[in-house]
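Q: For reference, this is coords.txt, and it has compact mmCIF, C-alpha atoms.
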# COMPACT_ATOMS: atom_id res chain seq x y z
CA MET U 1417 6.57 27.93 34.54
CA ARG U 1418 3.99 28.69 31.89
CA PHE U 1419 1.92 26.98 29.24
CA GLN U 1420 2.14 27.81 25.55
CA ASP U 1421 0.43 26.66 22.37
CA ALA U 1422 2.53 24.22 20.41
CA ALA U 1423 3.91 25.34 17.07
CA ARG U 1424 1.87 24.00 14.18
CA ASP U 1425 3.63 22.08 11.45
CA ALA U 1426 2.19 20.09 8.56
CA ARG U 1427 1.68 17.00 10.69
CA THR U 1428 -0.18 18.84 13.40
CA VAL U 1429 -2.41 20.55 10.86
CA VAL U 1430 -3.42 17.17 9.43
CA TYR U 1431 -3.90 15.74 12.91
CA ALA U 1432 -5.95 18.75 13.93
CA GLY U 1433 -8.36 17.84 11.16
CA ILE U 1434 -8.78 14.39 12.68
CA GLN U 1435 -9.19 15.83 16.16
CA ALA U 1436 -11.96 18.05 14.83
CA ASP U 1437 -13.82 15.20 13.12
CA PRO U 1438 -17.27 14.89 14.78
CA LEU U 1439 -16.74 11.13 14.94
CA VAL U 1440 -13.93 11.68 17.45
CA ALA U 1441 -16.13 13.83 19.66
CA ARG U 1442 -19.01 11.36 19.42
CA ALA U 1443 -16.84 8.36 20.27
CA ALA U 1444 -15.26 10.19 23.20
CA ALA U 1445 -18.62 11.32 24.54
CA LEU U 1446 -19.91 7.75 24.41
CA LEU U 1447 -16.79 6.38 26.07
CA ALA U 1448 -17.01 8.98 28.82
CA GLU U 1449 -20.37 7.44 29.75
CA ALA U 1450 -19.26 3.86 29.17
CA THR U 1451 -18.65 1.00 31.54
CA THR U 1452 -15.21 -0.57 31.60
CA ALA U 1453 -16.57 -3.49 29.61
CA GLU U 1454 -17.87 -1.13 26.93
CA ARG U 1455 -14.47 0.53 26.80
CA LEU U 1456 -12.91 -2.88 26.29
CA LEU U 1457 -15.39 -3.46 23.47
CA ALA U 1458 -14.29 -0.18 21.91
CA ARG U 1459 -10.63 -1.09 22.21
CA ALA U 1460 -11.22 -4.46 20.58
CA ALA U 1461 -13.52 -3.27 17.81
CA MET U 1462 -11.41 -0.24 16.89
CA ASN U 1463 -8.46 -2.58 16.50
CA GLY U 1464 -10.31 -5.49 14.92
CA GLU U 1465 -10.04 -7.20 11.59
CA ARG U 1466 -13.78 -7.53 11.07
CA THR U 1467 -16.19 -4.63 11.01
CA ASP U 1468 -19.56 -6.38 10.96
CA PRO U 1469 -21.38 -5.58 14.21
CA GLU U 1470 -22.86 -9.04 14.64
CA THR U 1471 -19.39 -10.52 15.14
CA TRP U 1472 -18.70 -8.11 17.97
CA ARG U 1473 -22.09 -8.70 19.56
CA ARG U 1474 -21.23 -12.39 19.71
CA ILE U 1475 -17.79 -11.67 21.19
CA PHE U 1476 -19.33 -9.56 23.97
CA PRO U 1477 -22.40 -11.54 25.09
CA THR U 1478 -22.46 -9.84 28.48
CA LEU U 1479 -23.10 -6.52 26.74
CA PHE U 1480 -25.50 -7.64 24.04
CA GLY U 1481 -26.99 -10.90 25.28
CA GLU U 1482 -30.04 -11.70 27.37
CA GLY U 1483 -30.38 -9.64 30.52
CA SER U 1484 -28.37 -6.73 29.16
CA GLU U 1485 -31.26 -4.77 27.66
CA GLY U 1486 -30.70 -1.65 29.72
CA ALA U 1487 -27.03 -1.35 28.88
CA CYS U 1488 -27.41 -2.75 25.38
CA LYS U 1489 -28.47 0.52 23.77
CA HIS U 1490 -25.38 2.34 24.94
CA ALA U 1491 -23.14 -0.59 24.01
CA GLU U 1492 -24.66 -0.50 20.53
CA LEU U 1493 -23.74 3.17 20.21
CA VAL U 1494 -20.20 2.49 21.42
CA LEU U 1495 -19.90 -0.37 18.96
CA ALA U 1496 -21.21 1.68 16.04
CA ALA U 1497 -18.76 4.52 16.68
CA SER U 1498 -15.88 2.10 17.17
CA LEU U 1499 -16.58 0.31 13.91
CA GLN U 1500 -16.83 3.62 12.08
CA ILE U 1501 -13.31 4.36 13.25
CA ALA U 1502 -12.13 0.87 12.30
CA GLU U 1503 -13.58 1.37 8.83
CA ARG U 1504 -11.34 4.38 8.24
CA GLY U 1505 -8.59 1.92 7.36
CA GLU U 1506 -5.42 0.81 9.04
CA ALA U 1507 -3.45 4.00 8.42
CA ALA U 1508 -6.09 6.44 9.60
CA ARG U 1509 -7.54 4.46 12.45
CA SER U 1510 -4.45 4.75 14.61
CA GLN U 1511 -4.66 8.53 14.44
CA TYR U 1512 -8.38 8.45 15.17
CA ARG U 1513 -7.84 6.18 18.14
CA GLY U 1514 -5.22 8.50 19.57
CA ALA U 1515 -7.48 11.49 19.08
CA VAL U 1516 -10.33 9.68 20.82
CA VAL U 1517 -8.20 8.91 23.89
CA GLU U 1518 -7.14 12.55 24.10
CA GLU U 1519 -10.70 13.82 23.76
CA LEU U 1520 -11.94 11.27 26.28
CA THR U 1521 -9.27 12.37 28.75
CA ALA U 1522 -10.22 16.03 28.33
CA ARG U 1523 -13.92 15.24 28.79
CA LEU U 1524 -13.36 13.21 31.94
CA LEU U 1525 -11.15 15.93 33.41
CA ALA U 1526 -13.82 18.50 32.62
CA ARG U 1527 -16.31 16.61 34.79
CA ARG U 1528 -14.64 17.59 38.02
CA GLY U 1529 -17.26 19.28 40.11
CA SER U 1530 -15.87 20.47 43.37
CA SER U 1531 -12.16 19.87 43.27
CA GLU U 1532 -9.76 22.75 43.57
CA THR U 1533 -8.82 22.43 39.90
CA SER U 1534 -12.40 22.29 38.60
CA ASP U 1535 -12.31 25.84 37.23
CA ALA U 1536 -8.90 25.54 35.60
CA PRO U 1537 -8.81 25.64 31.80
CA ILE U 1538 -8.36 22.28 30.13
CA ARG U 1539 -6.38 22.65 26.94
CA ARG U 1540 -4.87 20.51 24.22
CA GLU U 1541 -1.50 20.33 22.48
CA ARG U 1542 0.31 22.62 24.87
CA ARG U 1543 3.93 22.98 25.83
CA VAL U 1544 5.20 23.80 29.28
CA LEU U 1545 8.01 26.32 29.46
CA PHE U 1546 10.43 26.70 32.36
CA ASP U 1547 12.91 29.44 33.07
CA GLY U 1548 16.31 28.61 31.65
CA VAL U 1549 15.21 25.26 30.23
CA ARG U 1550 15.11 24.44 26.54
CA ALA U 1551 11.55 23.95 25.31
CA GLU U 1552 10.32 20.39 24.88
CA ILE U 1553 9.88 19.06 21.39
CA HIS U 1554 6.53 17.40 21.88
CA PRO U 1555 3.50 19.14 23.33
CA TYR U 1556 1.37 17.53 26.02
CA ASP U 1557 -1.90 16.08 24.80
CA VAL U 1558 -4.03 17.52 27.58
CA THR U 1559 -3.23 20.09 30.24
CA VAL U 1560 -5.12 21.38 33.27
CA GLU U 1561 -3.81 24.89 33.61
CA SER U 1562 -4.44 25.64 37.25
CA ALA U 1563 -2.20 28.30 38.75
CA ASP U 1564 -1.77 26.33 41.96
CA HIS U 1565 -2.15 22.70 40.85
CA PRO U 1566 -1.23 22.36 37.17
CA GLU U 1567 -1.47 18.98 35.49
CA VAL U 1568 -0.16 17.54 32.24
CA TYR U 1569 -1.32 14.35 30.54
CA ASP U 1570 0.16 12.29 27.76
CA CYS U 1571 -2.39 10.00 26.15
CA LYS U 1572 -1.75 6.64 24.53
CA TRP U 1573 -3.96 4.14 22.76
CA GLY U 1574 -1.94 1.19 23.98
CA ALA U 1575 0.64 0.23 26.56
CA ARG U 1576 3.20 -0.09 23.82
CA GLY U 1577 3.10 3.69 23.52
CA ILE U 1578 4.77 3.94 26.91
CA ASN U 1579 8.41 4.57 26.17
CA ALA U 1580 11.45 6.24 27.67
CA ASP U 1581 11.00 9.47 25.71
CA VAL U 1582 7.48 9.96 27.04
CA LEU U 1583 8.39 9.05 30.61
CA ASN U 1584 11.51 11.22 30.60
CA GLN U 1585 9.63 14.22 29.27
CA LEU U 1586 6.95 13.89 31.94
CA ASP U 1587 9.45 13.41 34.72
CA ASP U 1588 11.64 16.26 33.50
CA ALA U 1589 8.63 18.57 33.51
CA ARG U 1590 7.73 17.52 37.03
CA ALA U 1591 11.32 18.10 38.18
CA HIS U 1592 11.64 21.48 36.46
CA ALA U 1593 8.36 22.59 37.99
CA ALA U 1594 9.60 21.52 41.40
CA ASP U 1595 12.68 23.67 40.84
CA GLU U 1596 10.25 26.58 40.56
CA ASP U 1597 8.36 25.42 43.65
CA VAL U 1598 5.40 24.31 41.57
CA ARG U 1599 3.86 20.89 42.16
CA LEU U 1600 3.11 19.75 38.62
CA HIS U 1601 1.03 16.60 38.44
CA VAL U 1602 2.15 14.45 35.51
CA ALA U 1603 0.35 11.38 34.24
CA ILE U 1604 0.10 9.05 31.33
CA VAL U 1605 -3.36 7.95 30.23
CA VAL U 1606 -3.42 4.62 28.44
CA PHE U 1607 -6.49 3.07 26.82
CA ASP U 1608 -5.18 -0.38 27.67
CA ALA U 1609 -5.30 -2.79 30.57
CA ARG U 1610 -3.32 -1.84 33.64
CA PRO U 1611 -1.32 -5.10 33.86
CA SER U 1612 -0.06 -4.55 30.30
CA CYS U 1613 0.95 -0.99 31.19
CA GLU U 1614 2.69 -2.10 34.36
CA LEU U 1615 4.68 -4.70 32.47
CA ARG U 1616 5.85 -1.95 30.15
CA LEU U 1617 6.73 0.35 33.02
CA ASP U 1618 8.54 -2.38 34.93
CA ARG U 1619 11.02 -2.75 32.07
CA SER U 1620 11.57 0.96 31.62
CA THR U 1621 14.78 2.47 32.91
CA ALA U 1622 13.30 5.97 32.70
CA ASN U 1623 12.32 7.47 36.02
CA HIS U 1624 8.55 7.31 36.44
CA ASP U 1625 8.18 7.21 40.21
CA GLY U 1626 6.40 10.57 40.15
CA THR U 1627 4.26 9.84 37.12
CA ASP U 1628 0.72 8.56 37.50
CA LEU U 1629 -0.65 5.81 35.33
CA VAL U 1630 -4.33 6.03 34.39
CA ALA U 1631 -5.26 2.81 32.63
CA LEU U 1632 -8.44 1.64 30.95
CA GLU U 1633 -9.92 0.31 34.16
CA SER U 1634 -9.47 3.54 36.09
CA LEU U 1635 -10.27 6.26 33.56
CA ASP U 1636 -13.11 7.59 35.67
CA ALA U 1637 -10.62 8.53 38.35
CA LEU U 1638 -9.70 11.45 36.07
CA SER U 1639 -12.99 13.06 37.03
CA GLY U 1640 -12.16 12.96 40.71
CA GLY U 1641 -9.03 15.08 40.75
CA PRO U 1642 -5.38 14.13 40.57
CA ILE U 1643 -4.73 10.62 41.79
CA ARG U 1644 -1.47 9.52 43.30
CA ALA U 1645 0.98 7.51 41.30
CA THR U 1646 0.53 3.78 41.59
CA SER U 1647 3.51 2.83 39.49
CA MET E 69 -12.49 -24.22 25.01
CA VAL E 70 -9.92 -22.56 27.27
CA ALA E 71 -7.22 -24.82 25.85
CA ARG E 72 -8.08 -23.56 22.37
CA ALA E 73 -7.89 -20.00 23.61
CA VAL E 74 -4.44 -20.69 25.05
CA ASP E 75 -3.30 -22.22 21.75
CA ALA E 76 -4.61 -19.22 19.83
CA TYR E 77 -2.87 -16.89 22.26
CA ARG E 78 0.41 -18.73 21.75
CA THR E 79 0.05 -18.41 17.98
CA LEU E 80 -0.62 -14.70 18.39
CA ALA E 81 2.51 -14.35 20.51
CA ASP E 82 4.55 -16.17 17.87
CA LEU E 83 3.44 -13.60 15.32
CA ALA E 84 4.00 -10.67 17.68
CA GLU E 85 7.54 -11.65 18.60
CA THR E 86 8.65 -11.17 15.01
CA VAL E 87 8.85 -7.50 15.96
CA GLU E 88 12.37 -7.92 17.24
CA GLU E 89 12.60 -4.76 19.33
CA GLU E 90 9.45 -5.78 21.22
CA TRP E 91 10.50 -9.35 21.93
CA GLN E 92 10.88 -8.71 25.66
CA TYR E 93 7.50 -7.02 25.97
CA VAL E 94 5.80 -9.77 23.99
CA THR E 95 7.41 -12.36 26.26
CA ASP E 96 6.36 -10.45 29.35
CA LEU E 97 2.77 -10.21 28.12
CA PHE E 98 2.60 -13.88 27.27
CA ASP E 99 4.16 -14.96 30.56
CA ALA E 100 1.77 -12.76 32.51
CA TYR E 101 -1.47 -13.58 30.73
CA GLU E 102 -1.15 -17.16 29.52
CA PRO E 103 -1.43 -18.66 33.02
CA SER E 104 -4.39 -16.37 33.69
CA ILE E 105 -6.22 -17.58 30.61
CA ARG E 106 -5.42 -21.16 31.58
CA ALA E 107 -6.72 -20.50 35.09
CA LEU E 108 -10.12 -19.53 33.73
CA ALA E 109 -10.74 -23.21 33.09
CA GLY E 110 -10.14 -24.02 36.71
CA ALA E 111 -12.03 -21.14 38.24
CA ASP E 112 -15.18 -23.24 38.55
CA PRO E 113 -14.70 -26.67 36.98
CA THR E 114 -18.27 -27.69 37.77
CA ARG E 115 -19.82 -24.91 35.70
CA ALA E 116 -20.67 -25.78 32.12
CA LEU E 117 -20.08 -22.99 29.63
CA THR E 118 -23.19 -21.50 28.07
CA ALA E 119 -23.70 -21.38 24.31
CA PRO E 120 -23.09 -17.60 24.17
CA GLU E 121 -19.87 -18.01 26.15
CA VAL E 122 -18.63 -20.70 23.77
CA ALA E 123 -19.64 -18.62 20.75
CA ALA E 124 -17.88 -15.55 22.18
CA VAL E 125 -14.59 -17.34 22.73
CA ASP E 126 -14.86 -19.03 19.33
CA GLU E 127 -15.39 -15.65 17.68
CA VAL E 128 -12.51 -13.91 19.40
CA ILE E 129 -10.23 -16.83 18.59
CA ALA E 130 -11.32 -16.45 14.96
CA GLU E 131 -10.70 -12.71 15.17
CA ILE E 132 -7.09 -13.02 16.29
CA GLY E 133 -6.60 -15.78 13.76
CA LEU E 134 -7.17 -13.20 11.03
CA ILE E 135 -4.34 -10.96 12.22
CA THR E 136 -1.28 -10.89 9.99
CA ASP E 137 0.32 -7.66 11.19
CA PRO E 138 2.72 -8.41 14.07
CA HIS E 139 2.27 -4.92 15.48
CA LYS E 140 -1.46 -5.45 15.71
CA ALA E 141 -0.73 -8.84 17.28
CA ILE E 142 1.12 -7.07 20.10
CA ASP E 143 -1.93 -4.91 20.74
CA TRP E 144 -4.15 -7.97 20.85
CA LEU E 145 -1.84 -9.81 23.25
CA SER E 146 -3.07 -7.27 25.76
CA THR E 147 -6.71 -7.25 24.65
CA PHE E 148 -7.48 -10.92 23.99
CA PRO E 149 -7.11 -12.21 27.57
CA HIS E 150 -9.51 -9.59 28.88
CA VAL E 151 -12.08 -10.25 26.20
CA VAL E 152 -11.95 -13.97 26.98
CA GLY E 153 -12.14 -13.28 30.71
CA LEU E 154 -15.10 -11.02 30.22
CA ALA E 155 -16.91 -13.58 28.08
CA LEU E 156 -16.38 -16.25 30.70
CA GLY E 157 -17.80 -14.35 33.62
CA GLY E 158 -15.99 -11.14 34.47
CA ASP E 159 -17.58 -8.56 36.72
CA VAL E 160 -18.80 -6.35 33.94
CA ASN E 161 -22.16 -4.83 34.74
CA ARG E 162 -21.15 -2.25 37.28
CA PRO E 163 -21.44 1.22 35.76
CA ALA E 164 -18.19 3.09 35.31
CA GLY E 165 -17.53 5.41 38.23
CA GLU E 166 -19.45 3.29 40.73
CA ALA E 167 -17.27 1.94 43.50
CA ALA E 168 -17.15 -1.73 44.35
CA ASP E 169 -18.82 -1.07 47.69
CA GLY E 170 -21.70 0.68 45.97
CA ALA E 171 -20.58 4.23 46.69
CA GLY E 172 -21.77 6.42 43.89
CA PRO E 173 -20.64 9.75 42.49
CA GLY E 174 -19.73 12.14 45.23
CA GLY E 175 -18.54 9.36 47.53
CA ASP E 176 -14.99 8.66 48.44
CA PRO E 177 -12.58 8.86 45.52
CA LEU E 178 -12.20 5.61 43.68
CA GLU E 179 -9.05 3.68 44.05
CA PRO E 180 -7.76 2.96 40.57
CA ASP E 181 -9.21 -0.24 39.17
CA ASP E 182 -11.93 -0.69 41.75
CA ASP E 183 -14.35 -1.15 38.86
CA SER E 184 -12.13 -3.47 36.91
CA PRO E 185 -13.67 -6.48 35.20
CA PHE E 186 -10.19 -7.84 34.84
CA ARG E 187 -9.66 -8.84 38.44
CA THR E 188 -9.78 -12.55 37.69
CA LEU E 189 -7.11 -12.19 35.06
CA ARG E 190 -4.90 -10.26 37.43
CA GLY E 191 -5.25 -12.78 40.22
CA ASN E 192 -7.22 -10.19 42.22
CA ARG E 193 -4.26 -7.86 42.48
Please express what this file holds, its structure, as structure tokens.
A:
Amino acid sequence: MRFQDAARDARTVVYAGIQADPLVARAAALLAEATTAERLLARAAMNGERTDPETWRRIFPTLFGEGSEGACKHAELVLAASLQIAERGEAARSQYRGAVVEELTARLLARRGSSETSDAPIRRERRVLFDGVRAEIHPYDVTVESADHPEVYDCKWGARGINADVLNQLDDARAHAADEDVRLHVAIVVFDARPSCELRLDRSTANHDGTDLVALESLDALSGGPIRATS
Amino acid sequence: MVARAVDAYRTLADLAETVEEEWQYVTDLFDAYEPSIRALAGADPTRALTAPEVAAVDEVIAEIGLITDPHKAIDWLSTFPHVVGLALGGDVNRPAGEAADGAGPGGDPLEPDDDSPFRTLRGNR
């Protein structure tokens, strides 16, 4: 089993430009430091109809109201970045949101301090190749390329992004790795509430017993090393 | 207030289910969350809502009322209940990464969702 850069086509070149936008890095950095409530704010504001900050301050009184002074400054930064993404327009914002989730995932994984995979390279847009197996079409969004404990992550803005193709690819990779006596940790990171993700998974006929779900509420678990599947 | 949130949520679901291939998921979301939103009214019947809480729910109802894209409506079927729950008293001030028992970084690994503000909406699952 080995990792390989994905081939670049026109779509990936355009998307790479979005991934490299400083706004994506700023939003991800802020979300890496955010509370779950601030992440919910980001999800709502990035997907909102209105982009005036005062509306969102009213919708989230626990973040911006009385008694929230300490956290308020960070929430303001999260809100500002989220609204900047929302203002990119309906077509672009979905790509920005996806790029933010990927960057956030990579940043949280990079925080591991003492785990056995803490020194492993964390890469983006990589394929996993197995002996005698046709290469996958879609690259993985984020990979932790440890020789002993490799990990692959597919990142989604919303639970609706969970589909049979994604789950089958992850499970196939896990199974092919096992055929080579490699324990490949596979997970899907979703910037959405866990119950919504579980509803999606419950209806899926694709095998996902060996695939972890990292939902909005548990993103920080990425910094603590691979977590066991809860699906 | 909660009754108006439930009505708004139903209207949002009506829009979302026009995406035919997602009808089942829309139904699942509505069936899962609608009772949870309704239950927020009964969580503490003696507590009067504060002005900011009322304003927050009013604003988020107005926000989803502006949605015309059924695909966006599906996204908000997942988001709206949590925003309402948060506005009406979710456990939201714990910093991310801090365990419910107060263990900080370097402590035992977090169980997924230990820091969730959504517990009320999930029936403490």
Q: Tell me which of U:Asp1425, U:Asp1581, U:Glu1482, U:Glu1465 sits closest to Arg1509 (chain U), counting only C-alpha atoms.
A: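 With only C-alpha atoms as the atom set, the closest residue is U:Glu1465.
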Q: Counting only C-alpha atoms, which residues of region 1428-1524 of chain U sit at most 12 Å from some atom of region 1593-1605 of chain U, and what is each one's closest atom pair with its distance in Å to one decimal, listed by chain and rising residue number, as JSON lines?
A:
{"residue": "U:Gly1514", "atom": "CA", "partner": "U:Val1605", "partner_atom": "CA", "distance": 10.8}
{"residue": "U:Val1516", "atom": "CA", "partner": "U:Val1605", "partner_atom": "CA", "distance": 11.8}
{"residue": "U:Val1517", "atom": "CA", "partner": "U:Val1605", "partner_atom": "CA", "distance": 8.0}
{"residue": "U:Glu1518", "atom": "CA", "partner": "U:Val1605", "partner_atom": "CA", "distance": 8.5}
{"residue": "U:Glu1519", "atom": "CA", "partner": "U:Val1605", "partner_atom": "CA", "distance": 11.4}
{"residue": "U:Leu1520", "atom": "CA", "partner": "U:Val1605", "partner_atom": "CA", "distance": 10.0}
{"residue": "U:Thr1521", "atom": "CA", "partner": "U:Val1605", "partner_atom": "CA", "distance": 7.5}
{"residue": "U:Ala1522", "atom": "CA", "partner": "U:Val1605", "partner_atom": "CA", "distance": 10.8}
{"residue": "U:Leu1524", "atom": "CA", "partner": "U:Val1605", "partner_atom": "CA", "distance": 11.4}
Q: Select, from E:Gly133, E:Gly153, E:Pro120, E:Pro138, the residue with the minimum atom-to-atom distance to chain U, counting all atoms listed in the file.
A: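 For chain U, the nearest of the candidates is E:Pro120.
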Q: Need the shell around region 86-90 of chain E: protein/DNA/RNA residues with any atom at most 9 Å away, counting only C-alpha atoms. Skip same-chain ones fewer than 5 positions apart. Format as a PyMOL selection string?
A: (chain U and resi 1576) or (chain E and resi 81+95+138-139+142)
Q: Looking at U:Thr1467, U:Thr1428, U:Gln1511, U:Ser1562, which one is nearest to chain E, with distances taken over only C-alpha atoms?
A: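 The shortest atom-to-atom distance to chain E comes from U:Thr1467.
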Q: Residues of chain U within 9 Å of chain E, counting all atoms listed in the file, what are they? List them as number ranges by chain.
A: U: 1448-1454, 1456-1457, 1459-1460, 1463-1466, 1471-1479, 1481, 1484, 1487, 1574-1576, 1608-1612, 1615-1616, 1619, 1630-1637, 1639-1641, 1643, 1646
Q: Measure the distance from CA of Ala1426 (chain U) to CA of Pro1555 (chain U) in Å and round it to one decimal.
A: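 These atoms are spaced 14.9 Å apart.
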Q: Using all atoms listed in the file, determine which residues lie at most 10 Å from Val1582 (chain U), disregarding the query and same-chain residues fewer than 5 positions distant; provide the list as a PDB file with C-alpha atoms, in the frame of the given file.
A:
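Contents of selection_12.pdb, as written:
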ATOM      1  CA  HIS U1554       6.530  17.400  21.880  1.00  0.00           C
ATOM      2  CA  TYR U1556       1.370  17.530  26.020  1.00  0.00           C
ATOM      3  CA  ASP U1570       0.160  12.290  27.760  1.00  0.00           C
ATOM      4  CA  CYS U1571      -2.390  10.000  26.150  1.00  0.00           C
ATOM      5  CA  GLY U1577       3.100   3.690  23.520  1.00  0.00           C
ATOM      6  CA  ASP U1587       9.450  13.410  34.720  1.00  0.00           C
ATOM      7  CA  ASP U1588      11.640  16.260  33.500  1.00  0.00           C
ATOM      8  CA  ILE U1604       0.100   9.050  31.330  1.00  0.00           C
ATOM      9  CA  ALA U1622      13.300   5.970  32.700  1.00  0.00           C
ATOM     10  CA  HIS U1624       8.550   7.310  36.440  1.00  0.00           C
TER      11      HIS U1624
END
Q: Can you pull out the residues contacting Ile1553 (chain U)? Cut-off 12 Å, using only C-alpha atoms, and skip same-chain residues under 2 positions away; I want them as an MDAnalysis selection string.
A: chainID U and resid 1422:1424 1541:1545 1550:1551 1555:1556 1581:1582 1585
